[in-house]
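Here's the structure we're looking at; comments come further down.
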Amino acid sequence: MTSNVFSHLRLDGTMVTDPAATALAAADFGGIVNRPPRAVLRAGSTADIEAVLPVAAANNIAVVPRGCGHTSLGQAQALDGLVIDLTALTEVHDLTEDEVTVDAGATWNSLLARTLQHGLTPRVLTDYLGLSVGGTLSAGGIGGTSHRCGVQTDNVLALDVVTADGILRHCSPSELPDLFHAVLGGFGQCGVIVRATLPLIPAPARVRRVKVYYPTIDELLACQRRLLADGRFDFLQGEILPTPDGWVYMLDVASYYTPPHEPDDDVLVAGIGFVAARDKIEDLGYWEFATRLNETVTYLEGTGEWQALHPWPNLLLPDAKLDAFMSEVMADLEQADLGASGLILIYPMTTAAFGTPLFRLPEGSTVYLVAGLRFAMDAAKAQEMVAGNRRWYDTAVSVGGTSYPTGAIPFTSADWTRHLGTAQAALAEAKARYDPSNLLPRRFA
């Protein structure tokens, strides 16, 4: 029936219903849930999306936009609906000395490759760059510079969005600001982001990266807090890693520079417990550093873990409650709870740089991202991990934490209400204005 509904449309892309296409759109990186759509629009232009949405609305067919599908619990799926695949929309339209306008289907990897030709970079890059611009802007987009610059949604100048009525609308903080703030971090439920204008800054040529390994989490957290306060590093993260002898706690920091100006290593490592025989300083090109996870992905592809199930939770904790939360999480955690290559990301961010209404933060001037990179080789283990994620979430909420809801944490309507808090009213108003027929996914019901 779906193909008949859309058969009269002249599309630049293709509307496909074959099992291979719907199977791809029924899955995501998490691999945990599988919701087959009726059809997939492989959009060939913004005009395709403008044409399809009113027809879908008239026929009560739910629509979900999809970039690279790097979510963990079906956030980019549409059971018996229509998935709009944006990955063919990759054009860079304008690039000046301080901003770029790019299609939503472009990956951050391809965008960075283009901007670096002009010596420029976005302010915030995700750790893994194989994500679409539209996808991360629909969620938030956290990276190693978020402690200074906020998330990617805090670094957007303007958007082009197709709303449910098929109208292409330009929005920004001053033009249709209600739509602008409803789609940034809104998971595609008030419109389909098709193009974004982003600020650019001069890219550094080199990166001085420092890794310090601590035997206790207290040492890692104390050092992260010190570095967040003194601001000496451009990039600030941390990891909790399993070893045969137990957990080790790694500080991962970097200073950006362009010769002839060069950081002093002694100044960089002063007071952070650096031990030359144990720890590491390396010097990398900026592109090499930005794409550092490519080697990890290649390794995981070789072990089969990149194709495994990924029940990854993402939590945000207030600094004042972090130590108690981590003590509870780590009390009985074993490597098997994360998988062979699993780890925990943990790093601080100051909230002063954050301003996206739908990116929900705990109270306080400093928050911590705690993300469990879990790998499950079978469905039973994945469900066990998802249940563990839910326990982590309930504990986080009890101490004022929130979720970054791209991960594998099942949410109820009550969870969404609590999560959104004061932002819910404005979102509901935007939903009623730009998608009154509930064509697009009502994530936050």
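Lettering and numbering for the structure tokens are positional, with chains as A, B, ... in the shown order, residues counted from 1 in each chain, and ligands counted from 1 in the shown order.
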| request: Write out as an MDAnalysis selection string all residues of segment 1-102 of chain A that backbone DSSP assigns to strand (DSSP E or B). | output: chainID A and resid 14:16 39:42 63:66 82:85 92:95 99:102
Selected residues written out with N, CA and C atoms, as a PDB file, in the first residue's frame:
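Saved to again.pdb:
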```pdb
ATOM      1  N   THR A  14      14.719   7.687  -4.105  1.00  0.00           N
ATOM      2  CA  THR A  14      13.900   6.504  -4.360  1.00  0.00           C
ATOM      3  C   THR A  14      13.104   6.118  -3.109  1.00  0.00           C
ATOM      4  N   MET A  15      11.907   5.604  -3.330  1.00  0.00           N
ATOM      5  CA  MET A  15      11.087   5.027  -2.275  1.00  0.00           C
ATOM      6  C   MET A  15      11.202   3.515  -2.411  1.00  0.00           C
ATOM      7  N   VAL A  16      11.743   2.845  -1.396  1.00  0.00           N
ATOM      8  CA  VAL A  16      11.999   1.414  -1.495  1.00  0.00           C
ATOM      9  C   VAL A  16      11.259   0.657  -0.395  1.00  0.00           C
ATOM     10  N   ALA A  39       8.351   1.348   4.523  1.00  0.00           N
ATOM     11  CA  ALA A  39       9.144   1.806   3.383  1.00  0.00           C
ATOM     12  C   ALA A  39      10.260   2.712   3.860  1.00  0.00           C
ATOM     13  N   VAL A  40      11.231   2.913   2.979  1.00  0.00           N
ATOM     14  CA  VAL A  40      12.345   3.820   3.237  1.00  0.00           C
ATOM     15  C   VAL A  40      12.450   4.790   2.070  1.00  0.00           C
ATOM     16  N   LEU A  41      12.428   6.078   2.395  1.00  0.00           N
ATOM     17  CA  LEU A  41      12.716   7.096   1.385  1.00  0.00           C
ATOM     18  C   LEU A  41      14.200   7.394   1.432  1.00  0.00           C
ATOM     19  N   ARG A  42      14.886   7.035   0.366  1.00  0.00           N
ATOM     20  CA  ARG A  42      16.285   7.434   0.235  1.00  0.00           C
ATOM     21  C   ARG A  42      16.285   8.795  -0.436  1.00  0.00           C
ATOM     22  N   VAL A  63       6.494   8.981  10.456  1.00  0.00           N
ATOM     23  CA  VAL A  63       7.759   9.244   9.758  1.00  0.00           C
ATOM     24  C   VAL A  63       8.870   9.474  10.773  1.00  0.00           C
ATOM     25  N   VAL A  64      10.023   8.864  10.519  1.00  0.00           N
ATOM     26  CA  VAL A  64      11.197   9.076  11.356  1.00  0.00           C
ATOM     27  C   VAL A  64      12.395   9.390  10.455  1.00  0.00           C
ATOM     28  N   PRO A  65      13.076  10.515  10.660  1.00  0.00           N
ATOM     29  CA  PRO A  65      14.314  10.796   9.908  1.00  0.00           C
ATOM     30  C   PRO A  65      15.471   9.989  10.469  1.00  0.00           C
ATOM     31  N   ARG A  66      16.404   9.624   9.606  1.00  0.00           N
ATOM     32  CA  ARG A  66      17.535   8.787  10.023  1.00  0.00           C
ATOM     33  C   ARG A  66      18.811   9.257   9.336  1.00  0.00           C
ATOM     34  N   LEU A  82       7.421   5.161   7.891  1.00  0.00           N
ATOM     35  CA  LEU A  82       8.343   5.551   6.826  1.00  0.00           C
ATOM     36  C   LEU A  82       9.613   6.112   7.438  1.00  0.00           C
ATOM     37  N   VAL A  83      10.747   5.546   7.093  1.00  0.00           N
ATOM     38  CA  VAL A  83      12.046   6.077   7.503  1.00  0.00           C
ATOM     39  C   VAL A  83      12.604   6.909   6.356  1.00  0.00           C
ATOM     40  N   ILE A  84      13.001   8.136   6.677  1.00  0.00           N
ATOM     41  CA  ILE A  84      13.642   8.998   5.686  1.00  0.00           C
ATOM     42  C   ILE A  84      15.144   8.917   5.874  1.00  0.00           C
ATOM     43  N   ASP A  85      15.811   8.269   4.933  1.00  0.00           N
ATOM     44  CA  ASP A  85      17.262   8.107   4.961  1.00  0.00           C
ATOM     45  C   ASP A  85      17.899   9.355   4.347  1.00  0.00           C
ATOM     46  N   VAL A  92      28.161  20.437   0.952  1.00  0.00           N
ATOM     47  CA  VAL A  92      28.550  21.665   1.652  1.00  0.00           C
ATOM     48  C   VAL A  92      28.166  22.830   0.746  1.00  0.00           C
ATOM     49  N   HIS A  93      27.280  23.689   1.212  1.00  0.00           N
ATOM     50  CA  HIS A  93      26.725  24.747   0.362  1.00  0.00           C
ATOM     51  C   HIS A  93      27.533  26.040   0.424  1.00  0.00           C
ATOM     52  N   ASP A  94      27.948  26.406   1.611  1.00  0.00           N
ATOM     53  CA  ASP A  94      28.722  27.642   1.781  1.00  0.00           C
ATOM     54  C   ASP A  94      29.772  27.407   2.844  1.00  0.00           C
ATOM     55  N   LEU A  95      30.970  27.915   2.602  1.00  0.00           N
ATOM     56  CA  LEU A  95      32.031  27.806   3.578  1.00  0.00           C
ATOM     57  C   LEU A  95      32.817  29.111   3.551  1.00  0.00           C
ATOM     58  N   GLU A  99      32.116  30.262   9.160  1.00  0.00           N
ATOM     59  CA  GLU A  99      30.936  29.418   9.247  1.00  0.00           C
ATOM     60  C   GLU A  99      30.810  28.528   8.019  1.00  0.00           C
ATOM     61  N   VAL A 100      29.995  27.476   8.167  1.00  0.00           N
ATOM     62  CA  VAL A 100      29.749  26.549   7.071  1.00  0.00           C
ATOM     63  C   VAL A 100      28.280  26.143   7.098  1.00  0.00           C
ATOM     64  N   THR A 101      27.706  25.992   5.900  1.00  0.00           N
ATOM     65  CA  THR A 101      26.353  25.471   5.765  1.00  0.00           C
ATOM     66  C   THR A 101      26.442  24.127   5.068  1.00  0.00           C
ATOM     67  N   VAL A 102      25.888  23.098   5.701  1.00  0.00           N
ATOM     68  CA  VAL A 102      26.092  21.729   5.242  1.00  0.00           C
ATOM     69  C   VAL A 102      24.789  20.948   5.357  1.00  0.00           C
TER      70      VAL A 102
END
```
| query | What are the DSSP helix (DSSP H, G or I) residues of segment 263-397 of chain A, as a PyMOL selection string? | reply | chain A and resi 265-269+286-290+293-303+305-307+319-330+335-337+351-353+379-397
| message | So, with only C-alpha atoms as the atoms that count, which of A:Val156, A:Ala27, A:Ile193, A:Ile344 lies closest to Gly105 of chain A? | response |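 Nearest to Gly105 of chain A: A:Ile193.
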| said: For a test of reading the model, state the distance in Å between atom CA of Asn34 of chain A and atom CA of Leu184 of chain A, rounded to one decimal. | reply: 25.6 Å
| If we count only C-alpha atoms, what is near segment 115-119 of chain A at a cut-off of 9 Å, once residues fewer than 3 positions away on the same chain are taken out, given as an MDAnalysis selection string? | chainID A and resid 95:97 100 110:112 122 200:205 287
Prev. selection, N, CA and C atoms, output as a JSON list (two decimals), in the first residue's frame:
```json
[["chain", "number", "residue", "atom", "x", "y", "z"],
["A", 95, "LEU", "N", 30.97, 27.92, 2.60],
["A", 95, "LEU", "CA", 32.03, 27.81, 3.58],
["A", 95, "LEU", "C", 32.82, 29.11, 3.55],
["A", 96, "THR", "N", 32.76, 29.84, 4.65],
["A", 96, "THR", "CA", 33.48, 31.10, 4.77],
["A", 96, "THR", "C", 34.54, 30.97, 5.86],
["A", 97, "GLU", "N", 35.16, 32.07, 6.20],
["A", 97, "GLU", "CA", 36.23, 32.02, 7.20],
["A", 97, "GLU", "C", 35.72, 31.78, 8.61],
["A", 100, "VAL", "N", 29.99, 27.48, 8.17],
["A", 100, "VAL", "CA", 29.75, 26.55, 7.07],
["A", 100, "VAL", "C", 28.28, 26.14, 7.10],
["A", 110, "SER", "N", 33.39, 13.75, 7.11],
["A", 110, "SER", "CA", 33.50, 14.39, 5.79],
["A", 110, "SER", "C", 33.49, 15.90, 5.91],
["A", 111, "LEU", "N", 32.73, 16.43, 6.87],
["A", 111, "LEU", "CA", 32.71, 17.88, 7.05],
["A", 111, "LEU", "C", 34.07, 18.38, 7.52],
["A", 112, "LEU", "N", 34.67, 17.70, 8.48],
["A", 112, "LEU", "CA", 35.98, 18.13, 8.97],
["A", 112, "LEU", "C", 37.03, 18.07, 7.86],
["A", 122, "PRO", "N", 34.96, 22.77, 13.18],
["A", 122, "PRO", "CA", 33.87, 23.04, 14.12],
["A", 122, "PRO", "C", 34.40, 23.11, 15.55],
["A", 200, "LEU", "N", 32.66, 28.17, 12.65],
["A", 200, "LEU", "CA", 33.97, 27.55, 12.51],
["A", 200, "LEU", "C", 35.03, 28.39, 13.21],
["A", 201, "ILE", "N", 36.08, 27.74, 13.63],
["A", 201, "ILE", "CA", 37.21, 28.43, 14.24],
["A", 201, "ILE", "C", 38.49, 27.93, 13.56],
["A", 202, "PRO", "N", 39.59, 28.69, 13.67],
["A", 202, "PRO", "CA", 40.85, 28.20, 13.10],
["A", 202, "PRO", "C", 41.24, 26.85, 13.69],
["A", 203, "ALA", "N", 41.62, 25.93, 12.85],
["A", 203, "ALA", "CA", 42.03, 24.61, 13.32],
["A", 203, "ALA", "C", 43.49, 24.63, 13.73],
["A", 204, "PRO", "N", 43.83, 23.98, 14.83],
["A", 204, "PRO", "CA", 45.24, 23.87, 15.19],
["A", 204, "PRO", "C", 45.94, 22.90, 14.24],
["A", 205, "ALA", "N", 47.22, 23.03, 14.12],
["A", 205, "ALA", "CA", 47.98, 22.10, 13.28],
["A", 205, "ALA", "C", 48.33, 20.82, 14.03],
["A", 287, "TRP", "N", 44.14, 16.26, 12.40],
["A", 287, "TRP", "CA", 43.29, 15.27, 11.74],
["A", 287, "TRP", "C", 43.51, 13.88, 12.33]]
```
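Going from atom CA of Phe274 of chain A to atom CA of Ala222 of chain A covers 13.7 Å.
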| Between A:Ala336, A:Ala47, A:Val207, A:Ala62, which one has atoms that come closest to Asp435 of chain A, using only C-alpha atoms? |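 Looking at the shortest contact to Asp435 of chain A, the residue is A:Ala62.
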| query | Which is closer to Met330 of chain A than all the others in A:Gly246, A:Gly135, A:Gly285, A:Gly304, using only C-alpha atoms? | reply | A:Gly246
